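Undergrad: Mind looking over this structure? Questions follow.
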Amino acid sequence: MNTDASLVTRSHEENWLPILELAVEEVFEIMVGCRVKVAEQSEHKPNEEFTAMVGLAGALCGILTVCCDAKTAGEVAKRMLGDTADSQQQVADALGEVCNMIAGNFKNKLAGTDGRCMLSVPTVISGGEYSFHSLAEGTSLEAVLLFEGAPIAVRLQLEH
Amino acid sequence: MDKITALIVDDSSVMRKIVERSLRQAGIELEKVVEASNGAEALAAVQSNKIELILCDINMPVMDGLEFVRQAATIASAKGIPIVMITTEGSETHVVQALTAGARGYIRKPFTPDQVKEHVLPVLGKKP
């Protein structure tokens with residue numbers, strides 16, 4: 001095992017939530033054209049009708065997910081594409097790209113991941129009737145942010 | 001500036017549209033936009049179109065962006081076409097790999113139209 005992986009500073013994981021929140025805020029402000037606001041997780045739970053996910057492998061190993069309701073996913077797509085975002089495929093594509101950019105922006109902000117953490121292409125699930133099981137059963141971070149008043153949950157699950 | 005034909009390579013159709021919009025917002029006049037969803041499609045596109053600028057993602061299925069840049073360097077019809085990577089892979093390692101393979105510029109997602117202008121105009125021989 002490359003000991004450099006440890007310099008991804010697992011001892012600093014408790015400080016990663018603000019970095020994750022910042023990564024989300026930047027992606028929404030720059031690419032979606034809308035500011036999102038960090039919310040209390042206990043007070044805002046999204047209806048998870050759309051789930052986008054991107055896998056991480058290497059120095060960071062796990063999965064990042066972005067969950068929101070269908071209306072919010074549609075609004076995100078419209079913000080990115082204009083009124084041409086009219087199909088479920090485009091909505092899924094837009095949310096997948098948001099997830100991909102959050103994952104990339106997050107890892108780029110961490111010292112020590114340079115070139116040693118790869119991202120998968122995004123996958124998007126529509127519909128909320130599923131159970132999520134990740135083999136990455138280590139650290140779990142969750143940020144809930146409000147997009148036009150609607151909650152979006154961003155979760156990062158990492159293997160130890 | 002003369003109108004140009006650009007090839008936009010990304011597995012996300014949403015991102016291809018955003019890149020096209022960003023090019024227009026950067027003041028780059030586009031005669032035609034050719035789209036490809038992976039490196040293999042992009043290789044076919046450069047052989048069947050007169051492409052003057054390529055914007056290319058890295059993480060894509062079938063053939064990734066770095067492999068596309070390497071293979072494009074061996075194709076006569078692609079030689080000399082400026083390639084700018086637009087990707088979430090923002091590490092120094094990826095930047096070096098892309099530039100070594102032959103890319104002329106590198107833009108990290110998320111990106112603003114100003115960043116597109118800053119990185120794309122110089123490879124077209126224009127001042128940003």
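For the structure tokens, the naming scheme is as follows: chains receive sequential letters (A, B, ...) according to their order of presentation, residues are indexed from 1 within each chain, and ligands are indexed from 1 in presentation order.
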Within 10 Å of chain B, which residues of chain A are there when counting only C-alpha atoms? Please give them as number ranges by chain.

TA: A: 23, 26-32, 77, 80-81, 85, 89-98, 100-109, 112-122

Undergrad: Can you list, as a PyMOL selection string, every residue of chain B that DSSP puts in strand (DSSP E)?

TA: chain B and resi 4-9+30-36+53-56+83-87+105-108

Undergrad: Could you take the residues named above and write them with N, CA and C atoms, as a PDB file, in the first residue's frame?

TA:
ATOM      1  N   ILE B   4     -15.422  29.695 -36.825  1.00  0.00           N
ATOM      2  CA  ILE B   4     -14.670  28.438 -36.826  1.00  0.00           C
ATOM      3  C   ILE B   4     -15.607  27.245 -36.601  1.00  0.00           C
ATOM      4  N   THR B   5     -15.093  26.083 -36.932  1.00  0.00           N
ATOM      5  CA  THR B   5     -15.805  24.835 -36.629  1.00  0.00           C
ATOM      6  C   THR B   5     -15.138  24.192 -35.420  1.00  0.00           C
ATOM      7  N   ALA B   6     -15.934  23.951 -34.393  1.00  0.00           N
ATOM      8  CA  ALA B   6     -15.397  23.384 -33.142  1.00  0.00           C
ATOM      9  C   ALA B   6     -15.950  21.981 -32.916  1.00  0.00           C
ATOM     10  N   LEU B   7     -15.105  21.130 -32.377  1.00  0.00           N
ATOM     11  CA  LEU B   7     -15.521  19.783 -31.963  1.00  0.00           C
ATOM     12  C   LEU B   7     -15.566  19.769 -30.432  1.00  0.00           C
ATOM     13  N   ILE B   8     -16.709  19.426 -29.881  1.00  0.00           N
ATOM     14  CA  ILE B   8     -16.861  19.356 -28.423  1.00  0.00           C
ATOM     15  C   ILE B   8     -17.049  17.891 -28.039  1.00  0.00           C
ATOM     16  N   VAL B   9     -16.138  17.400 -27.195  1.00  0.00           N
ATOM     17  CA  VAL B   9     -16.126  15.977 -26.836  1.00  0.00           C
ATOM     18  C   VAL B   9     -16.426  15.838 -25.343  1.00  0.00           C
ATOM     19  N   LEU B  30     -18.958  30.717 -34.001  1.00  0.00           N
ATOM     20  CA  LEU B  30     -18.929  29.315 -34.423  1.00  0.00           C
ATOM     21  C   LEU B  30     -19.710  29.130 -35.722  1.00  0.00           C
ATOM     22  N   GLU B  31     -18.996  28.657 -36.726  1.00  0.00           N
ATOM     23  CA  GLU B  31     -19.631  28.327 -37.998  1.00  0.00           C
ATOM     24  C   GLU B  31     -20.451  27.042 -37.822  1.00  0.00           C
ATOM     25  N   LYS B  32     -19.843  26.105 -37.128  1.00  0.00           N
ATOM     26  CA  LYS B  32     -20.463  24.793 -36.950  1.00  0.00           C
ATOM     27  C   LYS B  32     -19.916  24.165 -35.671  1.00  0.00           C
ATOM     28  N   VAL B  33     -20.765  23.431 -34.989  1.00  0.00           N
ATOM     29  CA  VAL B  33     -20.317  22.683 -33.809  1.00  0.00           C
ATOM     30  C   VAL B  33     -20.551  21.194 -34.060  1.00  0.00           C
ATOM     31  N   VAL B  34     -19.490  20.423 -33.949  1.00  0.00           N
ATOM     32  CA  VAL B  34     -19.582  18.965 -34.083  1.00  0.00           C
ATOM     33  C   VAL B  34     -19.463  18.392 -32.678  1.00  0.00           C
ATOM     34  N   GLU B  35     -20.337  17.432 -32.364  1.00  0.00           N
ATOM     35  CA  GLU B  35     -20.315  16.855 -31.022  1.00  0.00           C
ATOM     36  C   GLU B  35     -19.884  15.385 -31.067  1.00  0.00           C
ATOM     37  N   ALA B  36     -19.169  14.971 -30.035  1.00  0.00           N
ATOM     38  CA  ALA B  36     -18.801  13.561 -29.878  1.00  0.00           C
ATOM     39  C   ALA B  36     -18.916  13.207 -28.404  1.00  0.00           C
ATOM     40  N   LEU B  53     -10.921  23.672 -33.793  1.00  0.00           N
ATOM     41  CA  LEU B  53     -10.724  23.758 -32.343  1.00  0.00           C
ATOM     42  C   LEU B  53     -11.410  22.555 -31.701  1.00  0.00           C
ATOM     43  N   ILE B  54     -10.741  21.950 -30.718  1.00  0.00           N
ATOM     44  CA  ILE B  54     -11.333  20.809 -30.014  1.00  0.00           C
ATOM     45  C   ILE B  54     -11.354  21.102 -28.518  1.00  0.00           C
ATOM     46  N   LEU B  55     -12.514  20.942 -27.910  1.00  0.00           N
ATOM     47  CA  LEU B  55     -12.666  21.009 -26.459  1.00  0.00           C
ATOM     48  C   LEU B  55     -12.985  19.601 -26.006  1.00  0.00           C
ATOM     49  N   CYS B  56     -12.209  19.074 -25.063  1.00  0.00           N
ATOM     50  CA  CYS B  56     -12.330  17.638 -24.771  1.00  0.00           C
ATOM     51  C   CYS B  56     -12.306  17.328 -23.274  1.00  0.00           C
ATOM     52  N   ILE B  83      -6.161  21.591 -29.088  1.00  0.00           N
ATOM     53  CA  ILE B  83      -7.053  20.840 -28.204  1.00  0.00           C
ATOM     54  C   ILE B  83      -6.965  21.438 -26.802  1.00  0.00           C
ATOM     55  N   VAL B  84      -8.110  21.772 -26.249  1.00  0.00           N
ATOM     56  CA  VAL B  84      -8.181  22.272 -24.873  1.00  0.00           C
ATOM     57  C   VAL B  84      -9.005  21.275 -24.057  1.00  0.00           C
ATOM     58  N   MET B  85      -8.420  20.788 -22.974  1.00  0.00           N
ATOM     59  CA  MET B  85      -9.145  19.855 -22.111  1.00  0.00           C
ATOM     60  C   MET B  85     -10.089  20.644 -21.190  1.00  0.00           C
ATOM     61  N   ILE B  86     -11.296  20.128 -21.010  1.00  0.00           N
ATOM     62  CA  ILE B  86     -12.225  20.711 -20.036  1.00  0.00           C
ATOM     63  C   ILE B  86     -12.699  19.561 -19.163  1.00  0.00           C
ATOM     64  N   THR B  87     -12.273  19.534 -17.898  1.00  0.00           N
ATOM     65  CA  THR B  87     -12.463  18.318 -17.112  1.00  0.00           C
ATOM     66  C   THR B  87     -12.531  18.577 -15.611  1.00  0.00           C
ATOM     67  N   GLY B 105      -4.255  23.451 -23.924  1.00  0.00           N
ATOM     68  CA  GLY B 105      -4.825  24.192 -22.801  1.00  0.00           C
ATOM     69  C   GLY B 105      -5.584  23.263 -21.881  1.00  0.00           C
ATOM     70  N   TYR B 106      -5.934  23.775 -20.696  1.00  0.00           N
ATOM     71  CA  TYR B 106      -6.565  22.923 -19.685  1.00  0.00           C
ATOM     72  C   TYR B 106      -7.503  23.780 -18.841  1.00  0.00           C
ATOM     73  N   ILE B 107      -8.760  23.425 -18.817  1.00  0.00           N
ATOM     74  CA  ILE B 107      -9.756  24.158 -18.029  1.00  0.00           C
ATOM     75  C   ILE B 107     -10.396  23.181 -17.050  1.00  0.00           C
ATOM     76  N   ARG B 108     -10.439  23.588 -15.773  1.00  0.00           N
ATOM     77  CA  ARG B 108     -11.040  22.716 -14.761  1.00  0.00           C
ATOM     78  C   ARG B 108     -12.519  23.045 -14.596  1.00  0.00           C
TER      79      ARG B 108
END

Undergrad: Just how far from CA of Glu118 in chain B is CA of Asp2 in chain B, in Å to one decimal?

TA: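 Computing it gives 18.1 Å between the two atoms.
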
Undergrad: Which residues are near Ser126 in chain A? Cut-off 7 Å, only C-alpha atoms, ignore same chain within fewer than 2 positions. Put them as a PDB file with N, CA, C and O atoms, in the first residue's frame.

TA:
ATOM      1  N   GLU A  49     -36.076  11.453  -5.186  1.00  0.00           N
ATOM      2  CA  GLU A  49     -36.606  10.895  -6.423  1.00  0.00           C
ATOM      3  C   GLU A  49     -35.539  10.789  -7.509  1.00  0.00           C
ATOM      4  O   GLU A  49     -35.698  10.055  -8.477  1.00  0.00           O
ATOM      5  N   PHE A  50     -34.470  11.562  -7.356  1.00  0.00           N
ATOM      6  CA  PHE A  50     -33.319  11.451  -8.258  1.00  0.00           C
ATOM      7  C   PHE A  50     -32.053  11.290  -7.415  1.00  0.00           C
ATOM      8  O   PHE A  50     -31.855  12.034  -6.454  1.00  0.00           O
ATOM      9  N   THR A  51     -31.241  10.318  -7.761  1.00  0.00           N
ATOM     10  CA  THR A  51     -29.959  10.123  -7.088  1.00  0.00           C
ATOM     11  C   THR A  51     -28.861  10.003  -8.133  1.00  0.00           C
ATOM     12  O   THR A  51     -28.900   9.106  -8.982  1.00  0.00           O
ATOM     13  N   VAL A 124     -27.081   7.852 -12.733  1.00  0.00           N
ATOM     14  CA  VAL A 124     -28.230   8.524 -12.124  1.00  0.00           C
ATOM     15  C   VAL A 124     -29.402   7.548 -12.030  1.00  0.00           C
ATOM     16  O   VAL A 124     -29.739   6.880 -13.003  1.00  0.00           O
ATOM     17  N   GLY A 128     -37.511   6.633  -6.197  1.00  0.00           N
ATOM     18  CA  GLY A 128     -36.973   6.546  -4.843  1.00  0.00           C
ATOM     19  C   GLY A 128     -37.109   5.188  -4.184  1.00  0.00           C
ATOM     20  O   GLY A 128     -36.659   4.994  -3.054  1.00  0.00           O
TER      21      GLY A 128
END

Undergrad: Fewer than 2 positions away in the same chain doesn't count, so skip those; otherwise give me all residues within 7 Å of Cys67 in chain A, counting only C-alpha atoms, as a ChimeraX atom specification.

TA: /A:48,50-52,65,152-154

Undergrad: Give me the residues near range 64-80 of chain B as a PyMOL selection string, where near means some atom within 7 Å (using only C-alpha atoms) and where sequence neighbours in that chain fewer than 4 positions away do not count.

TA: chain B and resi 38-39+43+46-47+56-60+98+101-103

Undergrad: Within range 71-113 of chain B, find each residue whose DSSP state, derived from the backbone, is alpha helix (DSSP H), and express the selection as number ranges by chain.

TA: B: 71-72, 92-101, 113

Undergrad: For the residues selected in the previous step, produce a file with C-alpha atoms as an mmCIF file, in the first residue's frame.

TA:
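Now in result30.cif:
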data_model
loop_
_atom_site.group_PDB
_atom_site.id
_atom_site.type_symbol
_atom_site.label_atom_id
_atom_site.label_comp_id
_atom_site.auth_asym_id
_atom_site.auth_seq_id
_atom_site.Cartn_x
_atom_site.Cartn_y
_atom_site.Cartn_z
ATOM 1 C CA GLN B 71 -4.155 9.113 -30.978
ATOM 2 C CA ALA B 72 -5.124 12.433 -32.570
ATOM 3 C CA GLU B 92 -1.215 18.599 -11.694
ATOM 4 C CA THR B 93 -0.562 15.044 -12.867
ATOM 5 C CA HIS B 94 -3.498 15.143 -15.258
ATOM 6 C CA VAL B 95 -2.536 18.586 -16.536
ATOM 7 C CA VAL B 96 1.005 17.403 -17.264
ATOM 8 C CA GLN B 97 -0.267 14.197 -18.915
ATOM 9 C CA ALA B 98 -2.632 16.163 -21.138
ATOM 10 C CA LEU B 99 -0.097 18.795 -22.146
ATOM 11 C CA THR B 100 2.565 16.138 -22.759
ATOM 12 C CA ALA B 101 0.131 14.222 -24.956
ATOM 13 C CA PRO B 113 -17.122 31.822 -19.564
#

Undergrad: Closest to Asn49 in chain B among B:Leu124, B:Val116, B:Ile81, B:Arg104, using only C-alpha atoms?

TA: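 Among the listed residues, B:Ile81 lies closest to Asn49 in chain B.
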
Undergrad: Find the residues near Pro128 in chain B: any atom within 9 Å, counting only C-alpha atoms, skip ones fewer than 2 places away on the same chain, and give them as a list in words.

TA: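 Listed by chain and then number, they are Ala26, Asp114, Lys117, Glu118, His119, Val120, Leu121, Pro122 and Lys126 of chain B.
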
Undergrad: Report, in Å with one decimal, the straight-line distance from CA of Ser131 in chain A to CA of Lys78 in chain A.

TA: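 One can read the CA of Ser131 in chain A to CA of Lys78 in chain A distance as 28.3 Å.
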